[in-house]
Amino acid sequence: MKKSKYCLLLLLAISLTGCFSNQQLNKSTRLIGDWTLKGGVCIPGVTKHKPKLTINADMKVSGFTGCNQFKGRLIAADGSFTLPVVSRRICLPELVTQEENMLNVLRSATSIEVINNTLVIDSGNKFLVFEKTNAR
């Protein structure tokens with residue numbers, strides 16, 4: 001009797017693990033693509049090039065803050081980013097503020113969610129809203 005309960009629990013655990021990993025895979029797949037900043041952190045509109053974010057299939061991330069380029073990695077399981085590489089061009093003060101706000105949200109992200117063609121990155125007190133610009 002104990003053995004059959006143990007086998008049943010083990011079978012249930014294995015099947016649930018498969019479901020959770022499929023959900024994670026599906027979420028990761030929806031994140032892949034090019035995203036253009038739509039709202040959230042105040043964007044003063046000083047530059048003609050909008051901030052953007054690209055997420056590749058291997059969860060490598062690259063983007064543009066309005067002044068500088070950045071590269072890093074997305075950890076989809078917990079919705080966090082590592083951004084070890086950021087270029088350092090001289091920017092207008094408005095763009096420096098925009099860039100700091102954007103990178104702070106990315107670095108301290110607590111959740112990342114895709115709703116329709118909108119990517120929402122939340123850091124608790126600030127958020128970024130991106131619109132999908134292509135389908136990969």
# chains A, B, ... in the order shown; residues from 1 in each chain; ligands from 1
call {"tool": "residues_around", "arguments": {"residues": "A:Arg88", "least_positions_apart": "3", "cutoff": "10 Å", "atoms": "only C-alpha atoms", "output": "VMD selection string"}}
result
chain A and resid 67 to 70 85 91
call {"tool": "write_last_selection", "arguments": {"atoms": "C-alpha atoms", "output": "compact mmCIF listing (two decimals), in the first residue's frame"}}
result
# COMPACT_ATOMS: atom_id res chain seq x y z
CA CYS A 67 21.55 57.32 -25.71
CA ASN A 68 23.55 54.18 -24.93
CA GLN A 69 23.49 50.52 -25.96
CA PHE A 70 23.27 47.70 -23.43
CA VAL A 85 27.62 45.80 -20.59
CA CYS A 91 24.20 62.31 -23.40
call {"tool": "residues_around", "arguments": {"residues": "A:Asp58", "least_positions_apart": "2", "cutoff": "9 Å", "atoms": "only C-alpha atoms", "output": "number ranges by chain"}}
result
A: 32, 55-56, 60-61, 73-74
call {"tool": "write_last_selection", "arguments": {"atoms": "N, CA, C and O atoms", "output": "JSON list (two decimals), in the first residue's frame"}}
result
[["chain", "number", "residue", "atom", "x", "y", "z"],
["A", 32, "ILE", "N", 10.51, 36.43, -26.69],
["A", 32, "ILE", "CA", 11.48, 36.58, -27.78],
["A", 32, "ILE", "C", 10.98, 37.59, -28.80],
["A", 32, "ILE", "O", 9.83, 37.55, -29.22],
["A", 55, "ILE", "N", 15.07, 40.53, -27.17],
["A", 55, "ILE", "CA", 15.28, 39.31, -26.39],
["A", 55, "ILE", "C", 15.41, 38.16, -27.38],
["A", 55, "ILE", "O", 14.51, 37.93, -28.20],
["A", 56, "ASN", "N", 16.55, 37.48, -27.33],
["A", 56, "ASN", "CA", 16.82, 36.36, -28.23],
["A", 56, "ASN", "C", 16.35, 35.05, -27.60],
["A", 56, "ASN", "O", 16.09, 34.98, -26.41],
["A", 60, "LYS", "N", 19.48, 36.07, -24.30],
["A", 60, "LYS", "CA", 20.40, 37.20, -24.32],
["A", 60, "LYS", "C", 19.58, 38.43, -24.66],
["A", 60, "LYS", "O", 18.67, 38.38, -25.48],
["A", 61, "VAL", "N", 19.92, 39.54, -24.02],
["A", 61, "VAL", "CA", 19.18, 40.78, -24.16],
["A", 61, "VAL", "C", 20.12, 41.86, -24.67],
["A", 61, "VAL", "O", 21.27, 41.93, -24.27],
["A", 73, "ARG", "N", 21.49, 39.58, -20.02],
["A", 73, "ARG", "CA", 20.79, 38.31, -20.04],
["A", 73, "ARG", "C", 19.50, 38.43, -19.23],
["A", 73, "ARG", "O", 19.47, 39.10, -18.21],
["A", 74, "LEU", "N", 18.46, 37.76, -19.69],
["A", 74, "LEU", "CA", 17.19, 37.69, -18.98],
["A", 74, "LEU", "C", 17.10, 36.33, -18.30],
["A", 74, "LEU", "O", 17.36, 35.31, -18.93]]
call {"tool": "residues_around", "arguments": {"residues": "A:Thr36", "least_positions_apart": "3", "cutoff": "6 Å", "atoms": "only C-alpha atoms", "output": "list in words"}}
result
Lys52, Phe130 and Glu131 of chain A
call {"tool": "write_last_selection", "arguments": {"atoms": "N, CA and C atoms", "output": "JSON list (two decimals), in the first residue's frame"}}
result
[["chain", "number", "residue", "atom", "x", "y", "z"],
["A", 52, "LYS", "N", 14.66, 50.73, -26.97],
["A", 52, "LYS", "CA", 14.18, 49.43, -27.41],
["A", 52, "LYS", "C", 14.91, 48.31, -26.68],
["A", 130, "PHE", "N", 6.66, 47.89, -23.09],
["A", 130, "PHE", "CA", 7.20, 47.78, -24.44],
["A", 130, "PHE", "C", 6.14, 47.20, -25.36],
["A", 131, "GLU", "N", 6.19, 47.64, -26.62],
["A", 131, "GLU", "CA", 5.29, 47.13, -27.65],
["A", 131, "GLU", "C", 6.12, 46.28, -28.62]]
call {"tool": "residues_around", "arguments": {"residues": "A:Met59", "least_positions_apart": "3", "cutoff": "12 Å", "atoms": "only C-alpha atoms", "output": "PyMOL selection string"}}
result
chain A and resi 25+27-33+53-56+62+71-77+79-82
call {"tool": "residues_around", "arguments": {"residues": "stretch 101-109 of chain A", "least_positions_apart": "2", "cutoff": "8 Å", "atoms": "only C-alpha atoms", "output": "list in words"}}
result
Val41, Thr65, Gly79, Ser80, Phe81, Thr82, Leu83, Thr97, Gln98, Glu99, Ser111, Ile112, Ile121, Asp122, Ser123, Gly124, Lys126, Phe127 and Leu128 of chain A
call {"tool": "write_last_selection", "arguments": {"atoms": "N, CA, C and O atoms", "output": "CSV table (one decimal), in the first residue's frame"}}
result
chain,number,residue,atom,x,y,z
A,41,VAL,N,8.4,54.5,-17.5
A,41,VAL,CA,9.3,55.6,-17.1
A,41,VAL,C,9.2,56.8,-18.0
A,41,VAL,O,9.0,56.6,-19.2
A,65,THR,N,18.9,52.7,-24.8
A,65,THR,CA,18.2,53.5,-23.8
A,65,THR,C,17.7,54.9,-24.3
A,65,THR,O,17.1,55.6,-23.6
A,79,GLY,N,12.2,36.6,-13.7
A,79,GLY,CA,11.9,37.9,-14.4
A,79,GLY,C,13.0,39.0,-14.1
A,79,GLY,O,12.7,40.1,-14.0
A,80,SER,N,14.2,38.5,-13.9
A,80,SER,CA,15.3,39.5,-13.6
A,80,SER,C,16.3,39.6,-14.8
A,80,SER,O,16.3,38.7,-15.6
A,81,PHE,N,17.0,40.7,-14.8
A,81,PHE,CA,18.0,40.9,-15.9
A,81,PHE,C,19.3,41.1,-15.2
A,81,PHE,O,19.5,41.6,-14.2
A,82,THR,N,20.4,40.6,-16.0
A,82,THR,CA,21.7,41.0,-15.7
A,82,THR,C,22.2,41.9,-16.9
A,82,THR,O,22.0,41.5,-18.0
A,83,LEU,N,22.7,43.0,-16.6
A,83,LEU,CA,23.1,43.9,-17.7
A,83,LEU,C,24.6,44.3,-17.4
A,83,LEU,O,24.9,45.5,-17.0
A,97,THR,N,18.9,60.9,-17.4
A,97,THR,CA,17.8,60.6,-16.5
A,97,THR,C,17.0,59.4,-17.0
A,97,THR,O,16.7,58.5,-16.3
A,98,GLN,N,16.6,59.5,-18.3
A,98,GLN,CA,15.8,58.5,-19.0
A,98,GLN,C,16.5,57.1,-18.9
A,98,GLN,O,16.0,56.1,-18.6
A,99,GLU,N,17.8,57.2,-19.3
A,99,GLU,CA,18.6,56.0,-19.3
A,99,GLU,C,18.8,55.4,-17.9
A,99,GLU,O,18.6,54.1,-17.7
A,111,SER,N,9.1,41.3,-11.9
A,111,SER,CA,8.3,40.5,-12.8
A,111,SER,C,8.4,41.0,-14.2
A,111,SER,O,8.6,42.2,-14.5
A,112,ILE,N,8.1,40.1,-15.1
A,112,ILE,CA,8.1,40.4,-16.5
A,112,ILE,C,6.9,39.6,-17.1
A,112,ILE,O,6.8,38.4,-16.8
A,121,ILE,N,7.5,45.2,-17.7
A,121,ILE,CA,8.6,44.9,-16.8
A,121,ILE,C,8.4,45.8,-15.6
A,121,ILE,O,8.4,47.0,-15.7
A,122,ASP,N,8.2,45.1,-14.4
A,122,ASP,CA,7.8,45.8,-13.2
A,122,ASP,C,9.0,45.7,-12.2
A,122,ASP,O,9.5,44.6,-12.0
A,123,SER,N,9.3,46.8,-11.5
A,123,SER,CA,10.3,46.7,-10.5
A,123,SER,C,9.8,47.0,-9.1
A,123,SER,O,10.5,47.4,-8.2
A,124,GLY,N,8.5,47.0,-9.0
A,124,GLY,CA,7.8,47.4,-7.8
A,124,GLY,C,7.3,48.8,-7.7
A,124,GLY,O,6.1,49.0,-7.7
A,126,LYS,N,8.4,51.2,-10.2
A,126,LYS,CA,8.4,51.8,-11.5
A,126,LYS,C,8.2,50.6,-12.5
A,126,LYS,O,8.5,49.4,-12.1
A,127,PHE,N,7.8,50.9,-13.7
A,127,PHE,CA,7.6,49.9,-14.7
A,127,PHE,C,8.0,50.4,-16.1
A,127,PHE,O,8.0,51.6,-16.3
A,128,LEU,N,8.2,49.5,-17.0
A,128,LEU,CA,8.4,49.8,-18.4
A,128,LEU,C,7.4,49.0,-19.2
A,128,LEU,O,7.1,47.9,-18.9
call {"tool": "atom_distance", "arguments": {"atom1": "atom CA of A:Thr118", "atom2": "atom CA of A:Ser87"}}
result
26.5 Å
call {"tool": "closest_residue", "arguments": {"among": "A:Thr110, A:Asn125, A:Asp78, A:Gly66", "to": "A:Val96", "atoms": "only C-alpha atoms"}}
result
A:Gly66
call {"tool": "select_by_dssp", "arguments": {"residues": "stretch 48-100 of chain A", "states": "strand (DSSP E or B)", "output": "list in words"}}
result
Lys52, Leu53, Thr54, Ile55, Lys60, Val61, Ser62, Gly63, Phe64, Gln69, Phe70, Lys71, Gly72, Arg73, Leu74, Ile75, Ser80, Phe81, Thr82, Leu83, Pro84, Val85 and Val86 of chain A
call {"tool": "decode", "arguments": {"residues": "stretch 102-114 of chain A", "atoms": "C-alpha atoms", "output": "tab-separated table (two decimals), in the first residue's frame"}}
result
chain	number	residue	atom	x	y	z
A	102	MET	CA	15.24	52.48	-17.69
A	103	LEU	CA	18.35	50.57	-16.56
A	104	ASN	CA	17.27	50.75	-12.89
A	105	VAL	CA	13.91	49.15	-13.74
A	106	LEU	CA	15.62	46.44	-15.80
A	107	ARG	CA	18.21	45.71	-13.10
A	108	SER	CA	15.67	45.58	-10.28
A	109	ALA	CA	12.83	43.88	-12.17
A	110	THR	CA	10.58	41.73	-10.01
A	111	SER	CA	8.29	40.51	-12.77
A	112	ILE	CA	8.08	40.38	-16.53
A	113	GLU	CA	4.83	39.66	-18.32
A	114	VAL	CA	3.59	39.52	-21.91
